[in-house]
Every structure is written in C-alpha cells, then in structure tokens.
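Chemist: Contents of my_file.cif (mmCIF, C-alpha atoms and all ligand atoms) are below:
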data_protein
#
loop_
_atom_site.label_atom_id
_atom_site.label_comp_id
_atom_site.auth_asym_id
_atom_site.auth_seq_id
_atom_site.Cartn_x
_atom_site.Cartn_y
_atom_site.Cartn_z
CA MET A 289 0.93 -28.33 14.62
CA GLU A 290 -0.75 -25.83 17.02
CA GLU A 291 -4.16 -26.96 15.77
CA ILE A 292 -3.31 -30.64 16.46
CA ARG A 293 -2.02 -29.83 19.93
CA LYS A 294 -5.26 -27.98 20.78
CA LYS A 295 -7.34 -30.92 19.57
CA ILE A 296 -5.20 -33.32 21.66
CA GLU A 297 -5.78 -31.20 24.78
CA GLU A 298 -9.55 -31.20 24.21
CA LEU A 299 -9.68 -34.94 23.55
CA LYS A 300 -7.61 -35.70 26.66
CA LYS A 301 -10.29 -34.02 28.80
CA GLU A 302 -13.19 -35.53 26.88
CA LYS A 303 -11.77 -39.10 27.08
CA ASP A 304 -10.25 -38.80 30.57
CA ALA A 305 -6.84 -39.63 29.09
CA VAL A 306 -3.23 -39.00 30.06
CA ILE A 307 -0.14 -39.09 27.82
CA LEU A 308 2.94 -40.93 29.09
CA ALA A 309 6.12 -40.70 27.01
CA HIS A 310 9.56 -42.26 27.18
CA ASN A 311 12.67 -40.06 27.15
CA TYR A 312 13.58 -41.26 23.61
CA GLN A 313 10.38 -39.97 21.99
CA LEU A 314 10.38 -37.36 19.21
CA PRO A 315 10.39 -33.70 20.39
CA GLU A 316 6.77 -33.24 19.19
CA ILE A 317 5.72 -36.05 21.55
CA GLN A 318 7.89 -34.93 24.49
CA ASP A 319 6.23 -31.51 24.21
CA ILE A 320 2.67 -32.85 24.56
CA ALA A 321 3.41 -35.50 27.22
CA ASP A 322 1.89 -35.16 30.69
CA TYR A 323 4.67 -37.36 32.08
CA LEU A 324 8.08 -38.06 30.57
CA GLY A 325 10.40 -40.65 32.07
CA ASP A 326 12.39 -43.88 32.00
CA SER A 327 10.82 -47.35 32.08
CA LEU A 328 10.68 -47.52 35.87
CA GLN A 329 9.27 -44.01 36.35
CA LEU A 330 6.64 -44.60 33.67
CA SER A 331 5.50 -47.92 35.14
CA ARG A 332 5.17 -46.37 38.60
CA THR A 333 3.37 -43.28 37.25
CA GLY A 334 1.00 -45.29 35.05
CA ALA A 335 -0.16 -47.36 38.01
CA SER A 336 -0.85 -44.35 40.25
CA LEU A 337 -2.84 -42.10 37.89
CA PRO A 338 -6.60 -41.49 38.21
CA GLN A 339 -7.32 -41.21 34.43
CA LYS A 340 -9.17 -44.09 32.75
CA VAL A 341 -7.13 -43.99 29.53
CA ILE A 342 -3.34 -44.08 29.09
CA ILE A 343 -1.89 -43.08 25.73
CA PHE A 344 1.55 -44.67 25.93
CA CYS A 345 4.20 -43.10 23.70
CA GLY A 346 7.03 -45.61 23.77
CA VAL A 347 7.49 -49.21 22.67
CA ARG A 348 5.13 -52.14 23.20
CA PHE A 349 6.74 -53.72 26.28
CA MET A 350 6.38 -50.40 28.13
CA ALA A 351 2.69 -50.08 27.22
CA GLU A 352 2.15 -53.73 28.19
CA THR A 353 3.76 -53.11 31.58
CA ALA A 354 1.37 -50.19 32.16
CA ALA A 355 -1.58 -52.37 31.11
CA ILE A 356 -0.50 -55.22 33.41
CA LEU A 357 -0.27 -52.86 36.39
CA SER A 358 -3.58 -51.15 35.56
CA PRO A 359 -5.94 -53.89 34.36
CA ASP A 360 -9.00 -51.62 34.64
CA LYS A 361 -7.54 -48.92 32.37
CA VAL A 362 -7.54 -48.65 28.60
CA VAL A 363 -3.91 -48.55 27.45
CA VAL A 364 -3.29 -47.38 23.89
CA LEU A 365 -0.01 -47.67 21.91
CA PRO A 366 -0.31 -45.17 19.00
CA ASP A 367 1.67 -47.41 16.62
CA GLU A 368 1.13 -51.11 17.15
CA ASP A 369 4.39 -51.93 15.33
CA ALA A 370 6.53 -50.00 17.82
CA GLY A 371 8.37 -53.00 19.26
CA CYS A 372 11.78 -53.57 20.84
CA PRO A 373 14.03 -56.10 19.03
CA MET A 374 15.58 -57.16 22.36
CA VAL A 375 12.14 -58.43 23.47
CA ASP A 376 12.17 -60.95 20.60
CA MET A 377 15.58 -62.33 21.65
CA VAL A 378 14.08 -64.50 24.39
CA LYS A 379 10.95 -66.68 24.25
CA PRO A 380 9.04 -68.13 27.23
CA GLU A 381 10.22 -71.65 26.29
CA ASP A 382 13.86 -70.43 26.51
CA VAL A 383 13.21 -69.32 30.09
CA ARG A 384 11.47 -72.60 30.94
CA LYS A 385 14.44 -74.60 29.56
CA GLU A 386 16.94 -72.55 31.60
CA LYS A 387 14.82 -73.06 34.73
CA GLU A 388 14.91 -76.81 34.11
CA LYS A 389 18.73 -76.67 33.81
CA HIS A 390 19.03 -74.61 37.02
CA PRO A 391 16.21 -75.79 39.31
CA GLY A 392 15.29 -73.38 42.11
CA VAL A 393 17.39 -70.49 40.76
CA PRO A 394 15.30 -67.27 40.66
CA VAL A 395 14.59 -65.60 37.30
CA VAL A 396 15.16 -61.87 36.84
CA SER A 397 13.92 -60.36 33.58
CA TYR A 398 14.65 -56.92 32.26
CA VAL A 399 11.36 -55.09 31.70
CA ASN A 400 12.29 -55.20 27.96
CA THR A 401 10.58 -58.60 27.61
CA SER A 402 7.19 -59.89 26.44
CA ALA A 403 4.33 -60.38 28.89
CA GLU A 404 4.72 -64.14 28.30
CA VAL A 405 8.37 -64.04 29.43
CA LYS A 406 7.40 -61.90 32.44
CA ALA A 407 4.86 -64.60 33.33
CA GLU A 408 7.84 -67.03 33.70
CA THR A 409 9.77 -64.49 35.79
CA ASP A 410 10.19 -64.03 39.55
CA TYR A 411 11.42 -60.41 39.49
CA CYS A 412 11.40 -57.75 36.80
CA CYS A 413 13.96 -54.98 36.75
CA THR A 414 14.78 -51.91 34.69
CA SER A 415 18.13 -50.26 34.03
CA ALA A 416 17.40 -47.94 36.97
CA ASN A 417 17.06 -50.66 39.61
CA ALA A 418 18.67 -53.87 38.23
CA VAL A 419 21.56 -53.82 40.73
CA LYS A 420 19.19 -53.20 43.65
CA VAL A 421 16.74 -55.92 42.57
CA VAL A 422 19.46 -58.59 42.15
CA ARG A 423 21.16 -57.56 45.42
CA GLU A 424 17.95 -58.08 47.40
CA ILE A 425 17.21 -61.56 46.04
CA PRO A 426 18.16 -64.23 48.58
CA GLY A 427 20.77 -66.76 47.44
CA ARG A 428 23.78 -66.47 45.16
CA GLU A 429 22.59 -67.52 41.72
CA VAL A 430 20.24 -65.67 39.36
CA LEU A 431 19.06 -66.39 35.80
CA PHE A 432 19.16 -63.00 34.05
CA PHE A 433 17.20 -62.31 30.80
CA PRO A 434 17.70 -61.02 28.12
CA ASP A 435 20.28 -58.18 28.05
CA GLN A 436 23.81 -59.57 28.41
CA HIS A 437 25.28 -56.06 28.76
CA LEU A 438 22.98 -54.88 31.56
CA GLY A 439 23.55 -58.32 33.12
CA SER A 440 27.33 -58.01 32.94
CA TYR A 441 27.07 -54.52 34.52
CA VAL A 442 25.04 -55.98 37.42
CA GLN A 443 27.58 -58.82 37.74
CA GLU A 444 30.44 -56.29 38.02
CA LYS A 445 28.60 -54.40 40.76
CA LEU A 446 27.68 -57.57 42.67
CA PRO A 447 30.73 -59.92 42.60
CA GLU A 448 29.19 -61.97 45.42
CA LYS A 449 26.39 -63.08 43.03
CA LYS A 450 26.53 -65.53 40.13
CA LEU A 451 24.44 -64.33 37.18
CA HIS A 452 23.67 -66.68 34.30
CA LEU A 453 23.40 -64.30 31.34
CA TRP A 454 21.23 -64.70 28.23
CA PRO A 455 22.88 -63.45 25.00
CA GLY A 456 20.33 -60.67 24.18
CA TYR A 457 21.33 -57.08 23.44
CA CYS A 458 20.00 -53.71 22.27
CA ILE A 459 20.70 -53.13 18.57
CA VAL A 460 20.90 -49.37 19.22
CA HIS A 461 23.26 -49.28 22.21
CA VAL A 462 25.75 -51.77 20.73
CA ARG A 463 26.23 -49.27 17.88
CA ILE A 464 28.02 -46.98 20.33
CA LEU A 465 31.72 -47.90 20.13
CA PRO A 466 34.73 -47.09 22.37
CA GLU A 467 36.20 -45.10 19.43
CA ASP A 468 33.07 -42.90 19.41
CA ILE A 469 33.55 -42.01 23.07
CA GLN A 470 37.27 -41.30 22.53
CA LYS A 471 36.52 -39.11 19.51
CA VAL A 472 33.84 -36.96 21.20
CA ARG A 473 35.92 -36.77 24.38
CA ASN A 474 38.88 -35.42 22.38
CA GLN A 475 36.56 -32.75 21.00
CA TYR A 476 35.09 -31.84 24.41
CA PRO A 477 37.71 -32.80 27.01
CA LYS A 478 35.84 -31.20 29.93
CA ALA A 479 32.58 -33.06 29.28
CA VAL A 480 31.26 -35.71 31.68
CA VAL A 481 30.59 -39.03 29.89
CA MET A 482 27.27 -40.67 30.82
CA VAL A 483 26.36 -44.02 29.23
CA HIS A 484 23.43 -46.42 29.52
CA PRO A 485 24.09 -49.90 31.00
CA GLU A 486 22.88 -51.46 27.73
CA CYS A 487 26.21 -50.31 26.24
CA LYS A 488 29.03 -52.85 25.86
CA LYS A 489 31.56 -53.18 28.70
CA GLU A 490 34.34 -51.54 26.61
CA VAL A 491 32.13 -48.44 26.34
CA ARG A 492 30.98 -48.47 29.97
CA ASP A 493 34.61 -48.71 31.08
CA LEU A 494 35.32 -45.36 29.39
CA ALA A 495 32.38 -43.58 31.05
CA ASP A 496 32.29 -41.39 34.15
CA GLU A 497 28.72 -42.47 34.95
CA VAL A 498 26.57 -45.48 33.98
CA LEU A 499 22.92 -44.45 34.28
CA SER A 500 19.35 -45.21 33.18
CA THR A 501 17.77 -42.47 31.08
CA GLY A 502 15.97 -41.14 34.18
CA GLY A 503 19.31 -41.25 36.01
CA MET A 504 20.90 -39.16 33.24
CA VAL A 505 18.15 -36.53 33.50
CA LYS A 506 18.68 -36.27 37.27
CA TYR A 507 22.47 -36.31 37.06
CA ALA A 508 22.56 -33.56 34.40
CA ARG A 509 20.20 -31.40 36.49
CA GLU A 510 22.21 -31.78 39.70
CA SER A 511 25.76 -31.79 38.33
CA LYS A 512 27.94 -28.68 38.36
CA ALA A 513 29.47 -29.79 35.03
CA GLU A 514 28.50 -27.75 31.98
CA GLU A 515 29.14 -30.26 29.20
CA PHE A 516 28.01 -33.86 28.83
CA ILE A 517 28.62 -36.67 26.34
CA VAL A 518 25.49 -38.80 26.17
CA GLY A 519 25.92 -42.52 25.41
CA THR A 520 22.35 -43.57 24.76
CA GLU A 521 19.55 -43.10 22.21
CA VAL A 522 19.82 -39.58 20.80
CA GLY A 523 16.18 -38.60 21.52
CA ILE A 524 17.02 -37.88 25.15
CA ILE A 525 19.24 -34.93 24.09
CA TYR A 526 16.11 -32.84 23.36
CA ARG A 527 14.87 -33.22 26.96
CA LEU A 528 18.33 -32.68 28.48
CA GLN A 529 18.88 -29.51 26.45
CA LYS A 530 15.37 -28.15 27.13
CA GLU A 531 15.66 -28.66 30.90
CA ASN A 532 19.25 -27.38 31.12
CA PRO A 533 19.53 -24.44 28.71
CA GLY A 534 22.85 -23.31 30.20
CA LYS A 535 24.53 -26.72 29.65
CA LYS A 536 25.69 -28.52 26.51
CA PHE A 537 24.90 -32.12 25.52
CA TYR A 538 26.70 -34.07 22.77
CA PRO A 539 25.63 -37.52 21.47
CA ALA A 540 28.34 -40.19 21.83
CA SER A 541 27.16 -41.55 18.46
CA LYS A 542 24.66 -40.03 16.05
CA LEU A 543 23.90 -43.61 14.92
CA ALA A 544 22.24 -44.43 18.24
CA VAL A 545 18.70 -43.97 16.96
CA CYS A 546 15.85 -46.30 17.97
CA ALA A 547 13.60 -46.44 14.89
CA ASN A 548 10.84 -48.07 16.91
CA MET A 549 10.67 -45.18 19.38
CA LYS A 550 10.35 -42.78 16.44
CA LYS A 551 7.28 -44.58 15.05
CA ILE A 552 5.05 -42.59 17.41
CA THR A 553 4.09 -39.27 15.81
CA ILE A 554 1.73 -36.51 16.90
CA ASP A 555 -0.77 -37.46 14.16
CA LYS A 556 -0.88 -41.02 15.47
CA VAL A 557 -1.43 -39.74 19.02
CA LEU A 558 -4.37 -37.66 17.78
CA TYR A 559 -5.86 -40.68 15.96
CA SER A 560 -5.38 -42.81 19.09
CA LEU A 561 -7.22 -40.27 21.22
CA GLU A 562 -10.07 -40.10 18.73
CA THR A 563 -10.49 -43.87 18.41
CA LEU A 564 -8.82 -45.27 21.57
CA THR A 565 -6.90 -47.70 19.33
CA PRO A 566 -4.58 -49.62 18.90
CA ARG A 567 -5.31 -50.97 22.35
CA ILE A 568 -3.09 -53.27 24.42
CA SER A 569 -4.93 -56.51 25.09
CA LEU A 570 -3.31 -59.44 26.89
CA PRO A 571 -4.66 -62.84 28.01
CA ALA A 572 -5.91 -62.65 31.64
CA GLY A 573 -3.82 -65.65 32.77
CA ILE A 574 -0.60 -64.06 31.47
CA VAL A 575 -1.46 -60.70 33.07
CA GLN A 576 -2.00 -62.32 36.45
CA LYS A 577 1.36 -64.17 36.36
CA ALA A 578 3.33 -61.27 34.86
CA ARG A 579 1.93 -58.78 37.41
CA GLN A 580 3.65 -60.52 40.35
CA ALA A 581 7.11 -60.01 38.83
CA ILE A 582 6.43 -56.35 37.97
CA GLU A 583 4.88 -55.60 41.37
CA ARG A 584 7.90 -57.09 43.15
CA MET A 585 10.10 -54.73 41.11
CA VAL A 586 7.96 -51.63 41.70
CA LYS A 587 8.04 -52.27 45.48
CA ILE A 588 11.86 -52.39 45.69
CA ARG A 589 12.97 -48.81 46.41
P1 LIG A 601 15.44 -46.68 30.50
O1 LIG A 601 14.56 -47.48 31.40
O2 LIG A 601 16.77 -46.35 31.09
O3 LIG A 601 14.71 -45.45 30.03
O4 LIG A 601 15.77 -47.55 29.22
C1 LIG A 601 14.81 -48.06 28.37
C2 LIG A 601 15.37 -48.56 27.13
O5 LIG A 601 14.68 -49.15 26.32
C3 LIG A 601 16.77 -48.35 26.88
O6 LIG A 601 17.06 -48.70 25.61
FE1 LIG A 602 14.70 -51.59 22.65
FE2 LIG A 602 17.13 -50.58 22.38
FE3 LIG A 602 15.02 -49.26 21.40
FE4 LIG A 602 15.47 -49.43 24.05
S1 LIG A 602 16.73 -48.39 22.53
S2 LIG A 602 13.51 -49.73 23.00
S3 LIG A 602 16.28 -51.51 24.22
S4 LIG A 602 15.78 -51.26 20.73
#
Translate this file's structure into structure tokens.
Ligand code: 13P
Ligand code: SF4
Modeler:
Amino acid sequence: MEEIRKKIEELKKEKDAVILAHNYQLPEIQDIADYLGDSLQLSRTGASLPQKVIIFCGVRFMAETAAILSPDKVVVLPDEDAGCPMVDMVKPEDVRKEKEKHPGVPVVSYVNTSAEVKAETDYCCTSANAVKVVREIPGREVLFFPDQHLGSYVQEKLPEKKLHLWPGYCIVHVRILPEDIQKVRNQYPKAVVMVHPECKKEVRDLADEVLSTGGMVKYARESKAEEFIVGTEVGIIYRLQKENPGKKFYPASKLAVCANMKKITIDKVLYSLETLTPRISLPAGIVQKARQAIERMVKIR
C-alpha cells in the first residue's frame, strides 16, 4: 500500500492532478485525497483549483458536475460504473412533461441527476443548500426532482412554498428505519442523532439534527457532545472518527452502504493517474445548458 501511495504522489505532480473524494469513500481513498467533502463542497473546490486534471473519487454525477464547471480540465472517474441509482429515477423527458403540465413553474434538481436532466433545470441544489435555494426562488411553486425525501424535508422547512415532488429516492438511505434509530439510541442514550435529509420522514422526525455529510462533519467538530449516532452511509464514520479521536460515532444502520461509492479503490486511482482514463466526456450543448443551473446553485451562499 505504501508503494502505491508513493507512486500516486509522484504521478499527481507529473500530471498536474488533484484528488477530490466524497465523504463516503473507502478509508484508503480518504487517506490519499487532497480534498474530502460533500457534493456542494466538492463542486465549489473543483471549480476553483489550478490543477489541469481532477481525479474524482465519488459517483458519476459528482464527477460530471466538476467537469461541467471546469470545461477546460480533464476529469477522471476511476470506475466508470460508479453510478447513483437515484440519477436513473428521472429522465429528461419526465422533466419536460412536468414542465408542460405546470407551465412557468421553476425546476429545481438535486445535484444527484444526469447532465441531461440538469440541462432541463433552472436551479440545482445539494442536501447542504436545498432549503436555501428553494427559499430564494421567486414565486410559490417549484417542481422538485428527483428525491422525494429531500423534497419533503424542504417542504417542511418552507410551508409558504408548494413543491411538486418526483417519487425518486436513495436506495441506501431508505434502508435506515425508525426501529434502527430507536435501537441504537437505547444502547447509547446520551448520543446526538444526526441524519441525512435523504432519510424518510419517520427517521428524520426521530433525529436531533438533519444535515448534509459536510454538515455532519462540521457539527461533530463543533459540538460539545461526545457520542453521535450517524444516519447516513457508513463510510463517513471513518472521517468523523479520524478527525475527532476523543468522540464516539455509531452507525444508525450497518446496512447503509453505498456499493457504488465503494467501487473506487486505490489501485483504480493509480491506473487513472497513469492513463488519465476513464474520462468524463459530455456533449457541449448539454454542458452549456447544465452549467447555468449549477452556477446558480454555487452562487447562492
Ligand atoms: P452530500 O452532498 O450530503 O454529501 O450527499 C451526497 C449523497 O449522495 C448522499 O447520498
Ligand atoms: Fe446515490 Fe444514495 Fe449512493 Fe448517495 S448514497 S450516491 S444518493 S445511492
């Protein structure tokens, strides 16, 4: 492993490359990443870096977002099959049909969508800024794609708005059940419960905090609490534990594993640095249209 890490460091310099990794990545990837973060942090970081090559350790929609924001850079996804099932739950023609049914109503798409869906979108959002993005859109109605659970969370926070929700969901977060939270809470009664907004309402209702993965990292760092129950993909526990050695983190459900996130391994990162493949390549027309929606999101602070 040490040998591979050394080779990766050398190749990064030689190829003018940077490694971005999502909080759910395997420990071996988190340890070699130059930047680790949630979807919003990674899209902002990717766009502001001087390096010519981005090795994106995450799932395809995240690498595509980086490529859309940095059209002059080479963006590499070390496993081209690392997708997100939620992305496939809405097609561009679904969005077009909804727009026809609700003329003039703005479209907000979770960043967990294809570039083609983003091209039909007015504003992108992530779990970190969805409430803020929807709040700032003029008018009452919004078409929200594709995560019904994130959408219902935004609706709860903004009762003055009317969100039309699409029935998409995350296959990993819906595995976390209210019984899981109850069970772990009984075991660790002093622990703070943090859950991701992709969790079902019944689960969110039991939580102390509803946060993006970046929000969880910040909250755990700043909180005086010493124990935390973590209701999201289990990969984040490695980062939380590493950054907070004096605190304890327990997964709400050990079944919350995103197999797609785990497809990226250190060997694949090495191969990607050697060959600069598999590369993200998107049609120019789609990139141009999708960029507007992502840039609007990145600007909202
Ligand atoms: P975050 O943006 O909160 O990291 O979430 C990304 C994701 O895919 C959650 O499943
Ligand atoms: Fe997609 Fe869920 Fe995996 Fe996130 S955790 S990448 S939403 S399948």
Chemist: Residues within 6 Å of ligand LIG 601 (chain A) should be enumerated using all atoms listed in the file and returned as a PDB file with C-alpha atoms, keeping the file's coordinate frame.
Modeler:
ATOM      1  CA  ASP A 326      12.390 -43.880  32.000  1.00  0.00           C
ATOM      2  CA  SER A 327      10.820 -47.350  32.080  1.00  0.00           C
ATOM      3  CA  LEU A 328      10.680 -47.520  35.870  1.00  0.00           C
ATOM      4  CA  THR A 414      14.780 -51.910  34.690  1.00  0.00           C
ATOM      5  CA  SER A 415      18.130 -50.260  34.030  1.00  0.00           C
ATOM      6  CA  SER A 500      19.350 -45.210  33.180  1.00  0.00           C
ATOM      7  CA  THR A 501      17.770 -42.470  31.080  1.00  0.00           C
TER       8      THR A 501
END
Chemist: Restrict the calculation to all atoms listed in the file, then for each residue of chain A with any atom at most 8 Å from an atom of ligand LIG 602 (chain A) give the closest atom pair and their distance in Å to one decimal, rows by chain and rising residue number, as a Markdown table.
Modeler:
| residue | atom | partner | partner_atom | distance |
| --- | --- | --- | --- | --- |
| A:Tyr312 | CA | A:LIG602 | S1 | 7.9 |
| A:Gly346 | CA | A:LIG602 | S2 | 7.7 |
| A:Val347 | CA | A:LIG602 | S2 | 6.1 |
| A:Gly371 | CA | A:LIG602 | S2 | 7.1 |
| A:Cys372 | CA | A:LIG602 | FE1 | 4.0 |
| A:Pro373 | CA | A:LIG602 | S4 | 5.4 |
| A:Met374 | CA | A:LIG602 | FE1 | 5.6 |
| A:Val375 | CA | A:LIG602 | FE1 | 7.3 |
| A:Asn400 | CA | A:LIG602 | S3 | 6.6 |
| A:Tyr457 | CA | A:LIG602 | S3 | 7.6 |
| A:Cys458 | CA | A:LIG602 | FE2 | 4.2 |
| A:Ile459 | CA | A:LIG602 | S4 | 5.7 |
| A:Val460 | CA | A:LIG602 | FE2 | 5.1 |
| A:His461 | CA | A:LIG602 | FE2 | 6.3 |
| A:Glu486 | CA | A:LIG602 | S3 | 7.5 |
| A:Thr520 | CA | A:LIG602 | S1 | 7.7 |
| A:Glu521 | CA | A:LIG602 | S1 | 6.0 |
| A:Val545 | CA | A:LIG602 | S1 | 7.4 |
| A:Cys546 | CA | A:LIG602 | FE3 | 4.6 |
| A:Ala547 | CA | A:LIG602 | FE3 | 7.2 |
| A:Asn548 | CA | A:LIG602 | FE3 | 6.2 |
| A:Met549 | CA | A:LIG602 | FE3 | 6.3 |
Chemist: If you keep C-alpha atoms, can you produce a file of those selected residues as a tab-separated table (two decimals), keeping the file's coordinate frame?
Modeler:
chain	number	residue	atom	x	y	z
A	312	TYR	CA	13.58	-41.26	23.61
A	346	GLY	CA	7.03	-45.61	23.77
A	347	VAL	CA	7.49	-49.21	22.67
A	371	GLY	CA	8.37	-53.00	19.26
A	372	CYS	CA	11.78	-53.57	20.84
A	373	PRO	CA	14.03	-56.10	19.03
A	374	MET	CA	15.58	-57.16	22.36
A	375	VAL	CA	12.14	-58.43	23.47
A	400	ASN	CA	12.29	-55.20	27.96
A	457	TYR	CA	21.33	-57.08	23.44
A	458	CYS	CA	20.00	-53.71	22.27
A	459	ILE	CA	20.70	-53.13	18.57
A	460	VAL	CA	20.90	-49.37	19.22
A	461	HIS	CA	23.26	-49.28	22.21
A	486	GLU	CA	22.88	-51.46	27.73
A	520	THR	CA	22.35	-43.57	24.76
A	521	GLU	CA	19.55	-43.10	22.21
A	545	VAL	CA	18.70	-43.97	16.96
A	546	CYS	CA	15.85	-46.30	17.97
A	547	ALA	CA	13.60	-46.44	14.89
A	548	ASN	CA	10.84	-48.07	16.91
A	549	MET	CA	10.67	-45.18	19.38
Chemist: State, in Å with one decimal place, the distance from CA of Phe516 in chain A to CA of Leu438 in chain A.
Modeler: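 Rounded to one decimal, the two atoms are 21.8 Å apart.
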Chemist: Find the residues around Arg579 in chain A up to 8 Å (all atoms listed in the file counted), leave out those fewer than 6 positions away in its own chain, and share them as a PyMOL selection string.
Modeler: chain A and resi 356-357+407
Chemist: Using only C-alpha atoms, find the one residue out of A:Leu561, A:Cys487, A:Val306, A:Leu543 that sits nearest to Ile342 in chain A.
Modeler: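 Distance minimum relative to Ile342 in chain A lands on A:Val306.
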Chemist: Could you tell me how far CA of Leu337 in chain A lies from CA of Val395 in chain A, in Å and to one decimal?
Modeler: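 Separating CA of Leu337 in chain A from CA of Val395 in chain A is a distance of 29.3 Å.
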Chemist: One decimal, in Å: what's the spacing between CA of Lys506 in chain A and CA of Glu531 in chain A?
Modeler: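 We find that CA of Lys506 in chain A and CA of Glu531 in chain A lie 10.4 Å from each other.
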Chemist: When you count only C-alpha atoms, which of these residues is closest to Gly392 in chain A: A:Gly502, A:Pro426, A:Gly534, A:Pro466?
Modeler: A:Pro426
Chemist: Give me the residues near Lys303 in chain A as a PyMOL selection string, where near means some atom within 12 Å (using all atoms listed in the file) and where sequence neighbours in that chain fewer than 4 positions away do not count.
Modeler: chain A and resi 295-299+307+339-343+361-362+558+560-564
Chemist: What does the file look like for those residues with C-alpha atoms, as an mmCIF file, keeping the file's coordinate frame?
Modeler:
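Saved result, selection-v6.cif, follows:
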data_model
loop_
_atom_site.group_PDB
_atom_site.id
_atom_site.type_symbol
_atom_site.label_atom_id
_atom_site.label_comp_id
_atom_site.auth_asym_id
_atom_site.auth_seq_id
_atom_site.Cartn_x
_atom_site.Cartn_y
_atom_site.Cartn_z
ATOM 1 C CA LYS A 295 -7.340 -30.920 19.570
ATOM 2 C CA ILE A 296 -5.200 -33.320 21.660
ATOM 3 C CA GLU A 297 -5.780 -31.200 24.780
ATOM 4 C CA GLU A 298 -9.550 -31.200 24.210
ATOM 5 C CA LEU A 299 -9.680 -34.940 23.550
ATOM 6 C CA ILE A 307 -0.140 -39.090 27.820
ATOM 7 C CA GLN A 339 -7.320 -41.210 34.430
ATOM 8 C CA LYS A 340 -9.170 -44.090 32.750
ATOM 9 C CA VAL A 341 -7.130 -43.990 29.530
ATOM 10 C CA ILE A 342 -3.340 -44.080 29.090
ATOM 11 C CA ILE A 343 -1.890 -43.080 25.730
ATOM 12 C CA LYS A 361 -7.540 -48.920 32.370
ATOM 13 C CA VAL A 362 -7.540 -48.650 28.600
ATOM 14 C CA LEU A 558 -4.370 -37.660 17.780
ATOM 15 C CA SER A 560 -5.380 -42.810 19.090
ATOM 16 C CA LEU A 561 -7.220 -40.270 21.220
ATOM 17 C CA GLU A 562 -10.070 -40.100 18.730
ATOM 18 C CA THR A 563 -10.490 -43.870 18.410
ATOM 19 C CA LEU A 564 -8.820 -45.270 21.570
#
Chemist: Taking all atoms listed in the file into account, which of A:Met504, A:Ile517, A:Ile464, A:Lys556 comes nearest Pro477 in chain A?
Modeler: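 Checking each candidate against Pro477 in chain A, we get A:Ile517 as the closest.
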Chemist: Can you tell me which residues surround Ala578 in chain A at a distance of at most 6 Å, considering only C-alpha atoms, apart from same-chain residues fewer than 3 positions away, and format the answer as JSON, numbers by chain?
Modeler: {"A": [406, 407, 574, 575, 581]}
Chemist: For Gly519 in chain A, please output as a PyMOL selection string all residues within 12 Å (counting all atoms listed in the file; exclusion window: fewer than 6 positions along the same chain).
Modeler: chain A and resi 460-466+468-470+472-473+480-488+491-492+494-501+504+525+537-545
Chemist: Hey, which of A:Arg567, A:Lys512, A:Lys550, A:Arg384 ends up closest to Glu352 in chain A? Count only C-alpha atoms.
Modeler: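 Result for the nearest residue to Glu352 in chain A: A:Arg567.
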Chemist: Taking all atoms listed in the file into account, name the residue in A:Pro366, A:Val505, A:Val383, A:Glu316 that is nearest to Val405 in chain A.
Modeler: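 Looking only at the distances to Val405 in chain A, the closest residue turns out to be A:Val383.
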Chemist: Got a sec: who's within 6 Å of Ala309 in chain A, counting all atoms listed in the file, leaving out chain neighbours fewer than 3 positions off, as number ranges by chain?
Modeler: A: 321, 324, 345-346
Chemist: Of the candidates A:Pro566, A:Lys587, A:Pro571, A:Ser397, which one gets nearest to Leu365 in chain A if we count only C-alpha atoms?
Modeler: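 Closest residue, counting only C-alpha atoms: A:Pro566.
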Chemist: Take the point (8.3, -54.7, 37.0) as written in the file and pick out every residue within 7 Å of it, counting only C-alpha atoms; give the list as a ChimeraX atom specification.
Modeler: /A:399,411-413,581-586
